[in-house]
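Q: Below is the file coords-v1.cif, which contains mmCIF, C-alpha atoms, pLDDT in the B column; chains and numbers go by the auth columns.
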data_my_file
loop_
_atom_site.group_PDB
_atom_site.id
_atom_site.type_symbol
_atom_site.label_atom_id
_atom_site.label_comp_id
_atom_site.label_asym_id
_atom_site.label_seq_id
_atom_site.Cartn_x
_atom_site.Cartn_y
_atom_site.Cartn_z
_atom_site.B_iso_or_equiv
_atom_site.auth_seq_id
_atom_site.auth_asym_id
ATOM 1 C CA MET A 1 5.268 19.692 20.532 44.00 1 A
ATOM 2 C CA ALA A 2 7.439 17.306 18.495 43.00 2 A
ATOM 3 C CA ASN A 3 10.533 18.646 16.760 46.00 3 A
ATOM 4 C CA LYS A 4 10.413 17.280 13.214 44.00 4 A
ATOM 5 C CA SER A 5 14.034 18.245 12.579 44.00 5 A
ATOM 6 C CA LEU A 6 14.993 15.753 15.306 46.00 6 A
ATOM 7 C CA GLY A 7 12.721 13.071 13.883 50.00 7 A
ATOM 8 C CA GLN A 8 10.395 13.159 16.885 67.00 8 A
ATOM 9 C CA HIS A 9 7.233 11.058 16.536 80.00 9 A
ATOM 10 C CA TRP A 10 5.619 10.000 19.814 84.00 10 A
ATOM 11 C CA LEU A 11 4.206 6.493 20.094 93.00 11 A
ATOM 12 C CA LYS A 12 1.184 6.658 22.403 90.00 12 A
ATOM 13 C CA ASN A 13 -0.324 3.180 22.082 94.00 13 A
ATOM 14 C CA ARG A 14 0.082 1.721 25.573 96.00 14 A
ATOM 15 C CA GLU A 15 -0.278 -1.876 24.418 97.00 15 A
ATOM 16 C CA VAL A 16 2.617 -1.503 21.984 97.00 16 A
ATOM 17 C CA LEU A 17 4.704 0.425 24.529 97.00 17 A
ATOM 18 C CA ASP A 18 4.227 -2.315 27.128 98.00 18 A
ATOM 19 C CA HIS A 19 5.074 -4.917 24.480 98.00 19 A
ATOM 20 C CA LEU A 20 8.367 -3.158 23.721 97.00 20 A
ATOM 21 C CA ALA A 21 9.234 -3.019 27.410 97.00 21 A
ATOM 22 C CA SER A 22 8.438 -6.702 27.893 98.00 22 A
ATOM 23 C CA LEU A 23 10.629 -7.606 24.912 98.00 23 A
ATOM 24 C CA ALA A 24 13.503 -5.677 26.512 98.00 24 A
ATOM 25 C CA HIS A 25 13.256 -7.719 29.722 96.00 25 A
ATOM 26 C CA ALA A 26 16.188 -10.084 30.329 95.00 26 A
ATOM 27 C CA ASP A 27 16.674 -12.313 33.353 95.00 27 A
ATOM 28 C CA GLY A 28 19.171 -10.867 35.819 96.00 28 A
ATOM 29 C CA VAL A 29 19.355 -7.487 34.068 97.00 29 A
ATOM 30 C CA GLU A 30 18.307 -4.519 36.208 97.00 30 A
ATOM 31 C CA THR A 31 19.364 -1.591 33.997 98.00 31 A
ATOM 32 C CA CYS A 32 17.828 -0.409 30.745 98.00 32 A
ATOM 33 C CA LEU A 33 19.336 2.374 28.669 98.00 33 A
ATOM 34 C CA GLU A 34 16.595 4.153 26.733 98.00 34 A
ATOM 35 C CA ILE A 35 17.441 6.082 23.583 97.00 35 A
ATOM 36 C CA GLY A 36 15.364 9.207 22.948 95.00 36 A
ATOM 37 C CA PRO A 37 12.727 8.986 25.692 96.00 37 A
ATOM 38 C CA GLY A 38 10.990 12.159 24.533 93.00 38 A
ATOM 39 C CA LEU A 39 7.836 12.671 26.603 94.00 39 A
ATOM 40 C CA GLY A 40 8.419 9.444 28.555 96.00 40 A
ATOM 41 C CA HIS A 41 5.742 7.209 27.054 96.00 41 A
ATOM 42 C CA LEU A 42 8.083 4.222 26.711 97.00 42 A
ATOM 43 C CA THR A 43 9.971 5.250 29.855 97.00 43 A
ATOM 44 C CA SER A 44 6.812 4.627 31.868 97.00 44 A
ATOM 45 C CA SER A 45 6.624 1.022 30.642 97.00 45 A
ATOM 46 C CA LEU A 46 10.355 0.418 31.086 98.00 46 A
ATOM 47 C CA LEU A 47 10.258 1.582 34.717 97.00 47 A
ATOM 48 C CA LYS A 48 7.772 -1.226 35.407 96.00 48 A
ATOM 49 C CA ASN A 49 10.256 -3.786 34.059 95.00 49 A
ATOM 50 C CA PHE A 50 13.623 -2.506 35.304 97.00 50 A
ATOM 51 C CA ASP A 51 15.057 -1.321 38.613 97.00 51 A
ATOM 52 C CA GLN A 52 16.860 1.520 36.811 98.00 52 A
ATOM 53 C CA VAL A 53 16.353 3.362 33.544 98.00 53 A
ATOM 54 C CA ILE A 54 19.066 5.587 32.093 98.00 54 A
ATOM 55 C CA ALA A 55 17.436 7.813 29.466 98.00 55 A
ATOM 56 C CA VAL A 56 19.611 9.596 26.910 98.00 56 A
ATOM 57 C CA GLU A 57 17.742 12.554 25.397 96.00 57 A
ATOM 58 C CA PHE A 58 19.266 15.022 22.922 94.00 58 A
ATOM 59 C CA ASP A 59 16.505 17.645 23.274 94.00 59 A
ATOM 60 C CA GLN A 60 17.426 19.816 26.280 96.00 60 A
ATOM 61 C CA LYS A 61 13.864 20.846 27.201 95.00 61 A
ATOM 62 C CA LEU A 62 12.614 17.269 27.077 95.00 62 A
ATOM 63 C CA ALA A 63 15.578 16.100 29.137 97.00 63 A
ATOM 64 C CA GLU A 64 14.888 18.730 31.786 96.00 64 A
ATOM 65 C CA ASN A 65 11.171 17.918 32.006 96.00 65 A
ATOM 66 C CA LEU A 66 11.336 14.119 31.956 96.00 66 A
ATOM 67 C CA PRO A 67 12.295 13.540 35.642 96.00 67 A
ATOM 68 C CA LYS A 68 9.289 15.641 36.730 95.00 68 A
ATOM 69 C CA SER A 69 6.985 13.012 35.223 95.00 69 A
ATOM 70 C CA PHE A 70 8.445 10.202 37.348 96.00 70 A
ATOM 71 C CA PRO A 71 9.026 11.455 40.913 95.00 71 A
ATOM 72 C CA GLY A 72 10.524 8.852 43.201 93.00 72 A
ATOM 73 C CA LYS A 73 11.511 6.567 40.312 95.00 73 A
ATOM 74 C CA ASN A 74 15.062 5.369 39.658 96.00 74 A
ATOM 75 C CA LEU A 75 15.382 7.354 36.439 98.00 75 A
ATOM 76 C CA ILE A 76 18.628 8.972 35.345 98.00 76 A
ATOM 77 C CA VAL A 77 18.335 11.412 32.434 98.00 77 A
ATOM 78 C CA LYS A 78 21.356 12.346 30.323 98.00 78 A
ATOM 79 C CA ASN A 79 21.028 15.340 28.001 98.00 79 A
ATOM 80 C CA GLU A 80 23.435 13.999 25.390 97.00 80 A
ATOM 81 C CA ASP A 81 23.746 12.796 21.814 96.00 81 A
ATOM 82 C CA ILE A 82 23.506 8.998 21.822 97.00 82 A
ATOM 83 C CA LEU A 83 26.179 8.791 19.109 96.00 83 A
ATOM 84 C CA SER A 84 28.747 10.405 21.413 97.00 84 A
ATOM 85 C CA PHE A 85 27.405 8.981 24.680 97.00 85 A
ATOM 86 C CA ASP A 86 29.929 7.078 26.816 97.00 86 A
ATOM 87 C CA PHE A 87 28.394 3.647 27.373 97.00 87 A
ATOM 88 C CA LYS A 88 31.154 2.783 29.840 95.00 88 A
ATOM 89 C CA THR A 89 29.128 4.805 32.377 95.00 89 A
ATOM 90 C CA VAL A 90 26.295 2.263 32.140 97.00 90 A
ATOM 91 C CA PRO A 91 26.522 -0.605 34.658 95.00 91 A
ATOM 92 C CA SER A 92 26.665 -4.090 33.137 95.00 92 A
ATOM 93 C CA PRO A 93 24.682 -6.097 32.412 97.00 93 A
ATOM 94 C CA PHE A 94 22.257 -3.791 30.637 98.00 94 A
ATOM 95 C CA VAL A 95 19.801 -3.755 27.769 98.00 95 A
ATOM 96 C CA VAL A 96 18.962 -0.992 25.280 98.00 96 A
ATOM 97 C CA ALA A 97 15.492 0.081 24.142 98.00 97 A
ATOM 98 C CA GLY A 98 14.151 3.003 22.198 97.00 98 A
ATOM 99 C CA ASN A 99 11.971 4.574 19.544 94.00 99 A
ATOM 100 C CA ILE A 100 14.708 5.629 17.124 92.00 100 A
ATOM 101 C CA PRO A 101 14.657 8.696 14.837 85.00 101 A
ATOM 102 C CA TYR A 102 14.638 7.447 11.248 84.00 102 A
ATOM 103 C CA TYR A 103 17.481 9.624 10.041 85.00 103 A
ATOM 104 C CA ILE A 104 20.113 8.205 12.415 91.00 104 A
ATOM 105 C CA THR A 105 18.983 4.583 12.651 94.00 105 A
ATOM 106 C CA SER A 106 21.996 3.040 10.915 94.00 106 A
ATOM 107 C CA PRO A 107 24.653 4.974 12.909 96.00 107 A
ATOM 108 C CA ILE A 108 22.888 4.061 16.175 97.00 108 A
ATOM 109 C CA ILE A 109 22.773 0.363 15.304 97.00 109 A
ATOM 110 C CA GLU A 110 26.408 0.474 14.223 96.00 110 A
ATOM 111 C CA LYS A 111 27.418 2.063 17.535 97.00 111 A
ATOM 112 C CA LEU A 112 25.384 -0.341 19.668 98.00 112 A
ATOM 113 C CA LEU A 113 26.814 -3.414 17.951 97.00 113 A
ATOM 114 C CA SER A 114 30.380 -2.167 18.336 96.00 114 A
ATOM 115 C CA LEU A 115 30.109 -1.755 22.127 96.00 115 A
ATOM 116 C CA ASN A 116 32.326 -3.739 24.460 93.00 116 A
ATOM 117 C CA PRO A 117 30.911 -4.926 26.781 93.00 117 A
ATOM 118 C CA HIS A 118 27.868 -5.317 24.605 96.00 118 A
ATOM 119 C CA PRO A 119 24.240 -4.978 25.730 98.00 119 A
ATOM 120 C CA GLU A 120 22.475 -8.211 26.604 97.00 120 A
ATOM 121 C CA LYS A 121 19.702 -7.246 24.211 98.00 121 A
ATOM 122 C CA ILE A 122 18.695 -4.328 21.975 98.00 122 A
ATOM 123 C CA VAL A 123 15.013 -3.628 21.277 98.00 123 A
ATOM 124 C CA LEU A 124 14.312 -0.834 18.800 98.00 124 A
ATOM 125 C CA LEU A 125 11.286 0.681 17.119 97.00 125 A
ATOM 126 C CA ILE A 126 12.490 1.753 13.685 96.00 126 A
ATOM 127 C CA GLN A 127 11.248 2.467 10.185 96.00 127 A
ATOM 128 C CA LYS A 128 9.622 -0.671 8.736 97.00 128 A
ATOM 129 C CA GLU A 129 11.769 -0.554 5.601 96.00 129 A
ATOM 130 C CA VAL A 130 14.959 -0.546 7.674 96.00 130 A
ATOM 131 C CA ALA A 131 13.655 -3.383 9.861 97.00 131 A
ATOM 132 C CA ASP A 132 13.053 -5.453 6.735 97.00 132 A
ATOM 133 C CA ARG A 133 16.562 -4.666 5.473 96.00 133 A
ATOM 134 C CA LEU A 134 18.106 -5.759 8.767 97.00 134 A
ATOM 135 C CA VAL A 135 16.681 -9.273 8.422 98.00 135 A
ATOM 136 C CA ALA A 136 17.283 -9.537 4.657 97.00 136 A
ATOM 137 C CA GLU A 137 18.275 -12.928 3.298 95.00 137 A
ATOM 138 C CA LYS A 138 20.563 -13.975 0.465 93.00 138 A
ATOM 139 C CA GLY A 139 19.571 -12.157 -2.691 94.00 139 A
ATOM 140 C CA LYS A 140 18.511 -8.998 -0.854 96.00 140 A
ATOM 141 C CA HIS A 141 21.549 -8.273 1.303 97.00 141 A
ATOM 142 C CA THR A 142 22.857 -4.753 1.870 96.00 142 A
ATOM 143 C CA LEU A 143 25.880 -3.521 3.769 96.00 143 A
ATOM 144 C CA LEU A 144 23.584 -2.825 6.729 95.00 144 A
ATOM 145 C CA SER A 145 22.119 -6.346 6.821 97.00 145 A
ATOM 146 C CA LEU A 146 25.517 -8.024 6.505 98.00 146 A
ATOM 147 C CA SER A 147 27.154 -5.816 9.126 97.00 147 A
ATOM 148 C CA ALA A 148 24.294 -6.214 11.620 98.00 148 A
ATOM 149 C CA GLN A 149 23.809 -9.951 11.098 98.00 149 A
ATOM 150 C CA ASN A 150 27.545 -10.489 11.447 98.00 150 A
ATOM 151 C CA ARG A 151 27.441 -9.150 15.000 98.00 151 A
ATOM 152 C CA ALA A 152 23.933 -9.983 16.194 98.00 152 A
ATOM 153 C CA GLU A 153 21.073 -12.404 15.892 98.00 153 A
ATOM 154 C CA ILE A 154 18.126 -10.326 14.671 98.00 154 A
ATOM 155 C CA VAL A 155 14.400 -10.941 14.939 98.00 155 A
ATOM 156 C CA ARG A 156 11.807 -8.711 13.309 98.00 156 A
ATOM 157 C CA ASP A 157 8.782 -8.361 15.564 98.00 157 A
ATOM 158 C CA ILE A 158 5.497 -6.498 15.066 97.00 158 A
ATOM 159 C CA THR A 159 4.673 -3.779 12.540 98.00 159 A
ATOM 160 C CA VAL A 160 3.428 -0.543 14.137 97.00 160 A
ATOM 161 C CA PRO A 161 1.112 1.519 11.884 96.00 161 A
ATOM 162 C CA ALA A 162 1.979 5.154 11.271 95.00 162 A
ATOM 163 C CA GLU A 163 -1.329 6.283 12.778 95.00 163 A
ATOM 164 C CA PHE A 164 -0.167 5.073 16.200 95.00 164 A
ATOM 165 C CA PHE A 165 2.249 8.037 16.306 93.00 165 A
ATOM 166 C CA ASP A 166 1.861 11.755 16.919 89.00 166 A
ATOM 167 C CA PRO A 167 2.626 13.509 14.658 89.00 167 A
ATOM 168 C CA VAL A 168 1.829 10.790 12.107 92.00 168 A
ATOM 169 C CA PRO A 169 4.946 9.884 10.058 91.00 169 A
ATOM 170 C CA LYS A 170 4.781 9.041 6.360 92.00 170 A
ATOM 171 C CA VAL A 171 5.743 5.389 6.888 94.00 171 A
ATOM 172 C CA ASP A 172 4.982 2.495 9.213 96.00 172 A
ATOM 173 C CA SER A 173 7.446 1.315 11.846 96.00 173 A
ATOM 174 C CA ALA A 174 8.482 -2.105 13.114 98.00 174 A
ATOM 175 C CA VAL A 175 10.104 -3.582 16.196 98.00 175 A
ATOM 176 C CA VAL A 176 13.420 -5.424 15.945 98.00 176 A
ATOM 177 C CA ILE A 177 15.247 -7.394 18.629 98.00 177 A
ATOM 178 C CA LEU A 178 19.029 -7.706 18.328 98.00 178 A
ATOM 179 C CA ALA A 179 21.008 -10.129 20.465 98.00 179 A
ATOM 180 C CA PRO A 180 24.716 -9.244 20.126 98.00 180 A
ATOM 181 C CA ARG A 181 26.993 -12.204 19.413 97.00 181 A
ATOM 182 C CA GLU A 182 30.003 -12.996 21.599 95.00 182 A
ATOM 183 C CA LYS A 183 32.138 -12.706 18.463 95.00 183 A
ATOM 184 C CA PRO A 184 31.392 -11.768 14.831 97.00 184 A
ATOM 185 C CA GLN A 185 30.567 -14.550 12.377 98.00 185 A
ATOM 186 C CA ILE A 186 33.335 -13.395 10.031 98.00 186 A
ATOM 187 C CA PRO A 187 36.339 -11.131 10.708 97.00 187 A
ATOM 188 C CA LEU A 188 35.575 -7.421 10.588 94.00 188 A
ATOM 189 C CA GLU A 189 38.540 -6.989 8.214 96.00 189 A
ATOM 190 C CA THR A 190 36.503 -8.725 5.519 98.00 190 A
ATOM 191 C CA PHE A 191 34.203 -5.708 5.445 97.00 191 A
ATOM 192 C CA VAL A 192 36.882 -3.759 3.571 97.00 192 A
ATOM 193 C CA LEU A 193 36.176 -6.098 0.652 98.00 193 A
ATOM 194 C CA ILE A 194 32.423 -6.088 1.276 98.00 194 A
ATOM 195 C CA LYS A 195 32.261 -2.280 1.223 97.00 195 A
ATOM 196 C CA GLU A 196 34.231 -2.270 -2.032 97.00 196 A
ATOM 197 C CA GLY A 197 31.937 -4.874 -3.521 97.00 197 A
ATOM 198 C CA MET A 198 28.816 -3.020 -2.379 96.00 198 A
ATOM 199 C CA LYS A 199 29.827 0.427 -3.684 93.00 199 A
ATOM 200 C CA ASN A 200 27.467 0.057 -6.668 93.00 200 A
ATOM 201 C CA PRO A 201 24.848 -2.459 -5.475 91.00 201 A
ATOM 202 C CA ARG A 202 23.074 -2.733 -8.842 91.00 202 A
ATOM 203 C CA LYS A 203 26.264 -3.494 -10.775 95.00 203 A
ATOM 204 C CA LYS A 204 27.769 -6.928 -11.226 96.00 204 A
ATOM 205 C CA LEU A 205 30.357 -7.931 -8.678 96.00 205 A
ATOM 206 C CA THR A 206 32.899 -8.410 -11.482 96.00 206 A
ATOM 207 C CA ASN A 207 32.610 -4.677 -12.212 96.00 207 A
ATOM 208 C CA ASN A 208 32.757 -3.515 -8.594 96.00 208 A
ATOM 209 C CA LEU A 209 35.811 -5.669 -7.847 96.00 209 A
ATOM 210 C CA LYS A 210 37.650 -5.251 -11.152 94.00 210 A
ATOM 211 C CA SER A 211 40.647 -3.832 -9.284 95.00 211 A
ATOM 212 C CA HIS A 212 41.214 -7.445 -8.176 95.00 212 A
ATOM 213 C CA GLY A 213 41.288 -8.647 -11.788 93.00 213 A
ATOM 214 C CA ASP A 214 38.782 -11.010 -13.399 93.00 214 A
ATOM 215 C CA ILE A 215 37.023 -12.705 -10.490 95.00 215 A
ATOM 216 C CA SER A 216 34.643 -14.771 -12.652 95.00 216 A
ATOM 217 C CA LYS A 217 36.491 -18.014 -11.931 94.00 217 A
ATOM 218 C CA LEU A 218 36.510 -17.256 -8.217 96.00 218 A
ATOM 219 C CA LEU A 219 32.741 -16.757 -8.290 96.00 219 A
ATOM 220 C CA GLU A 220 32.426 -20.075 -10.099 95.00 220 A
ATOM 221 C CA LYS A 221 34.317 -21.785 -7.277 95.00 221 A
ATOM 222 C CA LEU A 222 31.727 -20.312 -4.884 94.00 222 A
ATOM 223 C CA ASN A 223 28.885 -21.689 -7.037 95.00 223 A
ATOM 224 C CA LEU A 224 27.912 -18.149 -7.983 95.00 224 A
ATOM 225 C CA PRO A 225 27.218 -16.990 -11.564 95.00 225 A
ATOM 226 C CA PRO A 226 29.603 -14.473 -13.190 93.00 226 A
ATOM 227 C CA THR A 227 26.621 -12.094 -13.347 95.00 227 A
ATOM 228 C CA ALA A 228 26.232 -12.162 -9.535 96.00 228 A
ATOM 229 C CA ARG A 229 25.450 -8.883 -7.833 96.00 229 A
ATOM 230 C CA PRO A 230 26.576 -7.935 -4.301 97.00 230 A
ATOM 231 C CA SER A 231 23.170 -8.690 -2.750 97.00 231 A
ATOM 232 C CA GLU A 232 23.489 -12.347 -3.761 96.00 232 A
ATOM 233 C CA LEU A 233 26.421 -13.044 -1.430 97.00 233 A
ATOM 234 C CA ASP A 234 25.941 -13.912 2.225 97.00 234 A
ATOM 235 C CA LEU A 235 28.569 -13.568 4.943 98.00 235 A
ATOM 236 C CA THR A 236 30.108 -16.967 4.222 97.00 236 A
ATOM 237 C CA ASP A 237 30.369 -16.173 0.497 97.00 237 A
ATOM 238 C CA TRP A 238 32.186 -12.916 1.207 98.00 238 A
ATOM 239 C CA GLN A 239 34.618 -14.617 3.582 98.00 239 A
ATOM 240 C CA ASN A 240 35.297 -17.408 1.066 97.00 240 A
ATOM 241 C CA LEU A 241 35.857 -14.829 -1.662 97.00 241 A
ATOM 242 C CA GLN A 242 38.278 -12.978 0.606 97.00 242 A
ATOM 243 C CA ASN A 243 40.173 -16.208 1.227 97.00 243 A
ATOM 244 C CA LEU A 244 40.370 -16.969 -2.509 96.00 244 A
ATOM 245 C CA LEU A 245 41.664 -13.467 -3.258 94.00 245 A
ATOM 246 C CA LYS A 246 44.471 -13.993 -0.772 85.00 246 A
#
Represent the structure from my file as structure tokens, please.

A:
Amino acid sequence: MANKSLGQHWLKNREVLDHLASLAHADGVETCLEIGPGLGHLTSSLLKNFDQVIAVEFDQKLAENLPKSFPGKNLIVKNEDILSFDFKTVPSPFVVAGNIPYYITSPIIEKLLSLNPHPEKIVLLIQKEVADRLVAEKGKHTLLSLSAQNRAEIVRDITVPAEFFDPVPKVDSAVVILAPREKPQIPLETFVLIKEGMKNPRKKLTNNLKSHGDISKLLEKLNLPPTARPSELDLTDWQNLQNLLK
């Protein structure tokens, strides 16, 4: 039985599960780290695509039972919290796949994109709304979209209806594929300014950054109106603004 407090919703559609596993495939990569394998539905598909699957499961009972479902398979199960898991124990190169609990999606993505060495590819099934935010374009940016796009190329794949899960969640899900970049598009230090500018997303940037004085003329130099809000700036805009403030 799923534990709702842990955000457990089992995807049982084999076609979608096989699709996720095929998306995770990368030439020359033999190891897949799976986040939250649960009952092993996705694990089954991943074992067909990889020589080794390392499954990190927080729920102790599920972690204990999972190996029994795959006798003779190269499956390593770790009963740990993915947010404190030591990825240095995973042999490189590797990819990451998983059906992610909604309530810790952002921290998981943040951790995965900060890894060094980074995964070759990250394939996640997440809440549809968060998937849409990850691939947001100028005018709809959030701190999450800017941070993720700075460190990875992101593709939004299929939408997975809520009724494909058991128990049925209140929202649909979607698949995203993240390919970590060799280096960020802009320096991570710039995110000090971005976080300051994003603290009240609905307010004008001139209000959020008033500690830097009147930035209206700086926005004008960036071809942005003085009424611009944080969502209207892309990564390049933020870096140019940082440079002008210096």

Q: I'd like to see the residues matched by the PyMOL selection byres ((chain A and resi 167) around 8) on this file, and ideally I'd get them as a PDB file with C-alpha atoms, in the coordinates of the input.

A:
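See result.pdb below for the written result:
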ATOM      1  CA  ALA A   2       7.439  17.306  18.495  1.00 43.00           C
ATOM      2  CA  HIS A   9       7.233  11.058  16.536  1.00 80.00           C
ATOM      3  CA  TRP A  10       5.619  10.000  19.814  1.00 84.00           C
ATOM      4  CA  PHE A 165       2.249   8.037  16.306  1.00 93.00           C
ATOM      5  CA  ASP A 166       1.861  11.755  16.919  1.00 89.00           C
ATOM      6  CA  VAL A 168       1.829  10.790  12.107  1.00 92.00           C
ATOM      7  CA  PRO A 169       4.946   9.884  10.058  1.00 91.00           C
TER       8      PRO A 169
END

Q: Given the PyMOL selection byres ((chain A and resi 183) around 12) and the file above, list the residues it selects as a list in words.

A: Leu113, Ser114, Leu115, Asn116, Pro117, His118, Gln149, Asn150, Arg151, Ala152, Glu153, Ala179, Pro180, Arg181, Glu182, Pro184, Gln185, Ile186, Pro187 and Leu188 of chain A

Q: For Thr89 (chain A), find every residue with an atom within 12 Å (counting all atoms listed in the file), except residues of its own chain fewer than 2 positions away, and show them as a PDB file with C-alpha atoms, in the frame of the given file.

A:
ATOM      1  CA  THR A  31      19.364  -1.591  33.997  1.00 98.00           C
ATOM      2  CA  LEU A  33      19.336   2.374  28.669  1.00 98.00           C
ATOM      3  CA  ILE A  54      19.066   5.587  32.093  1.00 98.00           C
ATOM      4  CA  VAL A  56      19.611   9.596  26.910  1.00 98.00           C
ATOM      5  CA  ILE A  76      18.628   8.972  35.345  1.00 98.00           C
ATOM      6  CA  LYS A  78      21.356  12.346  30.323  1.00 98.00           C
ATOM      7  CA  PHE A  85      27.405   8.981  24.680  1.00 97.00           C
ATOM      8  CA  ASP A  86      29.929   7.078  26.816  1.00 97.00           C
ATOM      9  CA  PHE A  87      28.394   3.647  27.373  1.00 97.00           C
ATOM     10  CA  PRO A  91      26.522  -0.605  34.658  1.00 95.00           C
ATOM     11  CA  SER A  92      26.665  -4.090  33.137  1.00 95.00           C
ATOM     12  CA  PRO A  93      24.682  -6.097  32.412  1.00 97.00           C
ATOM     13  CA  PHE A  94      22.257  -3.791  30.637  1.00 98.00           C
ATOM     14  CA  PRO A 117      30.911  -4.926  26.781  1.00 93.00           C
TER      15      PRO A 117
END

Q: Rounded to one decimal in Å, what is the spacing between CA of Leu193 (chain A) and CA of Trp238 (chain A)?

A: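 So the answer is 7.9 Å.
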
Q: List, as number ranges by chain, every residue that the PyMOL selection byres ((chain A and resi 211-227) around 10) selects in the file provided.

A: A: 196, 203-210, 228-230, 232-233, 236-238, 240-242, 244-245

Q: Quick one: residues within 12 Å of (11.5, -1.8, 15.0) (file frame), counting all atoms listed in the file, please, as a VMD selection string.

A: chain A and resid 16 to 17 19 to 20 23 97 to 102 105 109 122 to 135 154 to 161 172 to 178

Q: Quick one: distance from CA of Val77 (chain A) to CA of Gln60 (chain A) in Å, one decimal?

A: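 CA of Val77 (chain A) sits 10.5 Å away from CA of Gln60 (chain A).
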
Q: Hey, can you check how far CA of Leu143 (chain A) sits from CA of Pro107 (chain A)?

A: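 Between CA of Leu143 (chain A) and CA of Pro107 (chain A) the gap works out to 12.5 Å.
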
Q: Nearest residue to His25 (chain A) out of A:Asp59, A:Glu64, A:Glu120, A:Glu110, using only C-alpha atoms?

A: A:Glu120

Q: For each of A:Ser106, A:Val90, A:Glu137, A:Gly38, take the minimum atom-to-atom distance to Phe58 (chain A), counting all atoms listed in the file, then give the residue where this is smallest.

A: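 Result for the nearest residue to Phe58 (chain A): A:Gly38.
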
Q: Between A:Leu235, A:Arg14, A:Gly40, A:Ala162, single out the one closest to Lys138 (chain A), counting all atoms listed in the file.

A: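 Using all atoms listed in the file, the shortest distance to Lys138 (chain A) belongs to A:Leu235.
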
Q: Between A:Leu144, A:Ala24, A:Leu66, A:Ile35, which one has atoms that come closest to Val95 (chain A), using only C-alpha atoms?

A: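 Going through A:Leu144, A:Ala24, A:Leu66, A:Ile35 one by one, the smallest distance to Val95 (chain A) is for A:Ala24.
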
Q: Which neighbours of Thr142 (chain A) fall inside 8 Å, counting only C-alpha atoms, when residues of the same chain fewer than 2 positions from it are skipped, and could you give them as a list in words?

A: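 Contacts, in chain order: Arg133, Ala136, Lys140, Leu144, Ser145, Leu146, Met198, Pro201, Pro230 and Ser231 of chain A.
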
Q: Of the candidates A:Lys68, A:Lys121, A:His41, A:Arg202, which one gets nearest to Leu11 (chain A) if we count only C-alpha atoms?

A: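 Checking each candidate against Leu11 (chain A), we get A:His41 as the closest.
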